[in-house]
Amino acid sequence: MTSRFQLTTEIIFGAGSLENLGPEAAKLGRKALLVTYPDIRRIGLLDRVVSDLKAHNIEVVIFDKVQCNPRTTTVDEGAAFARQEKPDFFIGLGGGSVMDTTKGIAVTSAGTASVWDYTLHRASPQSPIRPIIQVPTIAGTGSEMNPSAVLTHWEITYQNVAGRVPRASG
């Protein structure tokens with residue numbers, strides 16, 4: 001049995017709810033950028049999701065470079081890929097790191113600045129942010145429920161941001 005729960009974010013959950021991905025995605029457009037981990041194909045989930053999306057006439061391009069504790073450089077690379085591919089929407093397939101990276105790519109691809117510039121409020125999106133579907137593969141992060149993302153910025157050791165006490169980063 002599949003159920004729906006909606007606050008700001010609509011949640012479709014329950015046994016067999018992955019079967020709703022294709023029909024829900026088709027409501028958003030015809031081209032998806034799927035963000036995931038490099039090894040998600042090994043467990044068979046990536047092929048299953050891509051087949052379902054294609055069965056609903058959705059072209060899928062894959063960005064599978066997400067690592068644990070996602071880096072801002074990975075988000076920037078994914079955003080550049082998104083600007084090149086011009087998807088109608090994004091799908092995050094994985095745990096919290098994938099979902100956070102997907103959010104970062106969606107925001108960053110709506111402009112030309114680095115995700116770090118958006119984080120520091122030095123840049124704003126220059127076009128509308130395209131929709132995101134999150135498909136959690138692990139329970140517990142809650143990243144599918146909020147607009148926030150945890151990203152690692154390896155390029156600095158200490159940063160005094162908006163008057164906060166300098167803290168370790170990376």
# chains A, B, ... in the order shown; residues from 1 in each chain; ligands from 1

$ residues_around --residues "A:Asp100" --least-positions-apart "2" --cutoff "10 Å" --atoms "only C-alpha atoms" --output "ChimeraX atom specification"
/A:66,69-70,75,92,94-98,102-106,134,143-144,146-151

$ select_by_dssp --residues "stretch 106-167 of chain A" --states "strand (DSSP E)" --output "PDB file with N, CA and C atoms, in the first residue's frame"
ATOM      1  N   ILE A 132      13.289  19.162  -7.991  1.00  0.00           N
ATOM      2  CA  ILE A 132      14.109  18.036  -7.524  1.00  0.00           C
ATOM      3  C   ILE A 132      13.194  16.937  -7.004  1.00  0.00           C
ATOM      4  N   ILE A 133      13.496  15.710  -7.391  1.00  0.00           N
ATOM      5  CA  ILE A 133      12.899  14.518  -6.784  1.00  0.00           C
ATOM      6  C   ILE A 133      14.025  13.824  -6.035  1.00  0.00           C
ATOM      7  N   GLN A 134      13.799  13.506  -4.771  1.00  0.00           N
ATOM      8  CA  GLN A 134      14.794  12.784  -3.983  1.00  0.00           C
ATOM      9  C   GLN A 134      14.300  11.349  -3.763  1.00  0.00           C
ATOM     10  N   VAL A 135      15.177  10.379  -4.019  1.00  0.00           N
ATOM     11  CA  VAL A 135      14.874   8.976  -3.797  1.00  0.00           C
ATOM     12  C   VAL A 135      15.880   8.464  -2.770  1.00  0.00           C
ATOM     13  N   PRO A 136      15.528   8.537  -1.471  1.00  0.00           N
ATOM     14  CA  PRO A 136      16.459   8.095  -0.433  1.00  0.00           C
ATOM     15  C   PRO A 136      16.666   6.587  -0.489  1.00  0.00           C
ATOM     16  N   TYR A 158      40.444  27.656   7.613  1.00  0.00           N
ATOM     17  CA  TYR A 158      39.631  28.442   8.537  1.00  0.00           C
ATOM     18  C   TYR A 158      38.951  29.554   7.758  1.00  0.00           C
ATOM     19  N   GLN A 159      37.752  29.861   8.156  1.00  0.00           N
ATOM     20  CA  GLN A 159      37.004  30.906   7.463  1.00  0.00           C
ATOM     21  C   GLN A 159      36.171  31.656   8.483  1.00  0.00           C
ATOM     22  N   ARG A 167      36.292  28.547  12.322  1.00  0.00           N
ATOM     23  CA  ARG A 167      36.166  27.131  12.658  1.00  0.00           C
ATOM     24  C   ARG A 167      36.856  26.303  11.613  1.00  0.00           C
TER      25      ARG A 167
END

$ residues_around --residues "stretch 76-81 of chain A" --least-positions-apart "6" --cutoff "7 Å" --atoms "only C-alpha atoms" --output "PyMOL selection string"
chain A and resi 63+105+108-109+114-115

$ write_last_selection --atoms "N, CA, C and O atoms" --output "mmCIF file, in the first residue's frame"
data_model
loop_
_atom_site.group_PDB
_atom_site.id
_atom_site.type_symbol
_atom_site.label_atom_id
_atom_site.label_comp_id
_atom_site.auth_asym_id
_atom_site.auth_seq_id
_atom_site.Cartn_x
_atom_site.Cartn_y
_atom_site.Cartn_z
ATOM 1 N N PHE A 63 24.946 11.867 -13.414
ATOM 2 C CA PHE A 63 26.129 12.421 -12.757
ATOM 3 C C PHE A 63 26.376 11.539 -11.543
ATOM 4 O O PHE A 63 25.647 11.607 -10.549
ATOM 5 N N ILE A 105 23.599 21.188 -6.721
ATOM 6 C CA ILE A 105 23.679 21.255 -8.183
ATOM 7 C C ILE A 105 22.486 22.029 -8.743
ATOM 8 O O ILE A 105 22.641 22.854 -9.649
ATOM 9 N N THR A 108 23.105 25.775 -7.942
ATOM 10 C CA THR A 108 24.296 26.306 -8.603
ATOM 11 C C THR A 108 24.140 26.342 -10.117
ATOM 12 O O THR A 108 24.636 27.255 -10.778
ATOM 13 N N SER A 109 23.419 25.381 -10.678
ATOM 14 C CA SER A 109 23.235 25.372 -12.135
ATOM 15 C C SER A 109 22.294 26.470 -12.611
ATOM 16 O O SER A 109 22.216 26.741 -13.803
ATOM 17 N N SER A 114 30.167 29.663 -8.133
ATOM 18 C CA SER A 114 30.422 28.437 -7.372
ATOM 19 C C SER A 114 29.371 28.285 -6.277
ATOM 20 O O SER A 114 28.853 29.286 -5.755
ATOM 21 N N VAL A 115 29.078 27.061 -5.902
ATOM 22 C CA VAL A 115 28.143 26.826 -4.801
ATOM 23 C C VAL A 115 28.621 27.517 -3.531
ATOM 24 O O VAL A 115 27.820 27.965 -2.705
#

$ atom_distance --atom1 "atom CA of A:Met1" --atom2 "atom CA of A:Ala139"
18.9 Å

$ select_by_dssp --residues "stretch 54-131 of chain A" --states "helix (DSSP H, G or I)" --output "PyMOL selection string"
chain A and resi 54-55+72-85+96-108+115-119

$ write_last_selection --atoms "N, CA, C and O atoms" --output "short mmCIF file (atom, residue, chain, number, x, y, z; two decimals), in the first residue's frame"
data_model
loop_
_atom_site.label_atom_id
_atom_site.label_comp_id
_atom_site.auth_asym_id
_atom_site.auth_seq_id
_atom_site.Cartn_x
_atom_site.Cartn_y
_atom_site.Cartn_z
N LYS A 54 12.83 5.77 -18.52
CA LYS A 54 12.77 5.66 -19.98
C LYS A 54 11.41 5.13 -20.44
O LYS A 54 10.89 5.53 -21.48
N ALA A 55 10.82 4.22 -19.65
CA ALA A 55 9.50 3.69 -19.98
C ALA A 55 8.43 4.78 -19.92
O ALA A 55 7.36 4.64 -20.52
N THR A 72 32.35 20.83 -2.33
CA THR A 72 31.83 21.93 -3.15
C THR A 72 32.33 21.80 -4.58
O THR A 72 31.61 22.16 -5.52
N THR A 73 33.53 21.27 -4.78
CA THR A 73 34.06 21.11 -6.13
C THR A 73 33.23 20.10 -6.93
O THR A 73 33.06 20.25 -8.13
N THR A 74 32.71 19.08 -6.25
CA THR A 74 31.84 18.09 -6.92
C THR A 74 30.52 18.75 -7.32
O THR A 74 30.02 18.52 -8.43
N VAL A 75 29.98 19.57 -6.44
CA VAL A 75 28.74 20.30 -6.76
C VAL A 75 28.98 21.21 -7.96
O VAL A 75 28.17 21.24 -8.90
N ASP A 76 30.08 21.94 -7.96
CA ASP A 76 30.38 22.84 -9.09
C ASP A 76 30.54 22.06 -10.39
O ASP A 76 30.06 22.50 -11.44
N GLU A 77 31.18 20.89 -10.32
CA GLU A 77 31.32 20.06 -11.52
C GLU A 77 29.96 19.58 -12.00
O GLU A 77 29.66 19.60 -13.20
N GLY A 78 29.11 19.15 -11.08
CA GLY A 78 27.76 18.72 -11.44
C GLY A 78 26.92 19.85 -12.01
O GLY A 78 26.14 19.64 -12.94
N ALA A 79 27.09 21.04 -11.46
CA ALA A 79 26.34 22.21 -11.97
C ALA A 79 26.77 22.55 -13.39
O ALA A 79 25.94 22.88 -14.24
N ALA A 80 28.08 22.48 -13.66
CA ALA A 80 28.56 22.74 -15.03
C ALA A 80 27.97 21.71 -15.99
O ALA A 80 27.55 22.04 -17.10
N PHE A 81 27.92 20.45 -15.55
CA PHE A 81 27.33 19.38 -16.35
C PHE A 81 25.84 19.67 -16.59
O PHE A 81 25.34 19.52 -17.71
N ALA A 82 25.15 20.12 -15.56
CA ALA A 82 23.72 20.44 -15.69
C ALA A 82 23.50 21.60 -16.65
O ALA A 82 22.57 21.56 -17.46
N ARG A 83 24.34 22.62 -16.56
CA ARG A 83 24.19 23.75 -17.49
C ARG A 83 24.38 23.30 -18.94
O ARG A 83 23.73 23.79 -19.85
N GLN A 84 25.28 22.34 -19.14
CA GLN A 84 25.53 21.79 -20.48
C GLN A 84 24.35 20.93 -20.94
O GLN A 84 23.90 21.03 -22.08
N GLU A 85 23.82 20.10 -20.07
CA GLU A 85 22.77 19.14 -20.43
C GLU A 85 21.35 19.72 -20.42
O GLU A 85 20.46 19.18 -21.05
N GLY A 96 22.08 10.81 2.21
CA GLY A 96 22.14 12.24 2.48
C GLY A 96 23.14 12.98 1.63
O GLY A 96 22.88 14.10 1.19
N SER A 97 24.30 12.39 1.38
CA SER A 97 25.32 13.07 0.56
C SER A 97 24.82 13.30 -0.86
O SER A 97 25.04 14.37 -1.44
N VAL A 98 24.15 12.31 -1.42
CA VAL A 98 23.59 12.46 -2.77
C VAL A 98 22.49 13.51 -2.78
O VAL A 98 22.45 14.38 -3.66
N MET A 99 21.61 13.45 -1.80
CA MET A 99 20.50 14.41 -1.77
C MET A 99 21.02 15.84 -1.58
O MET A 99 20.52 16.77 -2.21
N ASP A 100 22.03 16.02 -0.72
CA ASP A 100 22.61 17.35 -0.52
C ASP A 100 23.32 17.83 -1.78
O ASP A 100 23.21 19.00 -2.16
N THR A 101 24.03 16.94 -2.45
CA THR A 101 24.71 17.30 -3.70
C THR A 101 23.69 17.70 -4.76
O THR A 101 23.88 18.67 -5.49
N THR A 102 22.59 16.96 -4.83
CA THR A 102 21.54 17.27 -5.80
C THR A 102 20.98 18.67 -5.57
O THR A 102 20.80 19.45 -6.52
N LYS A 103 20.72 19.01 -4.32
CA LYS A 103 20.22 20.36 -4.01
C LYS A 103 21.24 21.41 -4.43
O LYS A 103 20.88 22.43 -5.03
N GLY A 104 22.51 21.16 -4.11
CA GLY A 104 23.56 22.11 -4.48
C GLY A 104 23.68 22.28 -5.98
O GLY A 104 23.83 23.40 -6.48
N ILE A 105 23.60 21.19 -6.72
CA ILE A 105 23.68 21.26 -8.18
C ILE A 105 22.49 22.03 -8.74
O ILE A 105 22.64 22.85 -9.65
N ALA A 106 21.29 21.78 -8.21
CA ALA A 106 20.10 22.48 -8.71
C ALA A 106 20.23 23.99 -8.53
O ALA A 106 19.96 24.76 -9.46
N VAL A 107 20.68 24.42 -7.37
CA VAL A 107 20.83 25.86 -7.11
C VAL A 107 21.96 26.43 -7.95
O VAL A 107 21.80 27.46 -8.62
N THR A 108 23.11 25.78 -7.94
CA THR A 108 24.30 26.31 -8.60
C THR A 108 24.14 26.34 -10.12
O THR A 108 24.64 27.25 -10.78
N VAL A 115 29.08 27.06 -5.90
CA VAL A 115 28.14 26.83 -4.80
C VAL A 115 28.62 27.52 -3.53
O VAL A 115 27.82 27.96 -2.71
N TRP A 116 29.94 27.66 -3.37
CA TRP A 116 30.48 28.34 -2.19
C TRP A 116 30.03 29.80 -2.16
O TRP A 116 29.75 30.35 -1.10
N ASP A 117 29.93 30.44 -3.31
CA ASP A 117 29.46 31.82 -3.37
C ASP A 117 27.99 31.93 -2.96
O ASP A 117 27.59 32.90 -2.32
N TYR A 118 27.19 30.93 -3.30
CA TYR A 118 25.79 30.92 -2.86
C TYR A 118 25.73 30.70 -1.36
O TYR A 118 24.93 31.32 -0.66
N THR A 119 26.59 29.83 -0.84
CA THR A 119 26.64 29.55 0.59
C THR A 119 26.95 30.81 1.39
O THR A 119 26.39 31.05 2.46
#

$ residues_around --residues "A:Phe89" --least-positions-apart "6" --cutoff "7 Å" --atoms "only C-alpha atoms" --output "VMD selection string"
chain A and resid 28 to 29 31 to 33 130 to 132

$ atom_distance --atom1 "atom CA of A:Lys65" --atom2 "atom CA of A:Pro38"
5.7 Å

$ residues_around --residues "A:Leu34" --least-positions-apart "5" --cutoff "8 Å" --atoms "only C-alpha atoms" --output "list in words"
Val60, Val61, Ile62, Phe63, Asp64, Phe90, Ile91, Gly92 and Leu93 of chain A

$ closest_residue --among "A:Gly14, A:Met145, A:Asp88, A:Val49" --to "A:Thr36" --atoms "only C-alpha atoms"
A:Val49
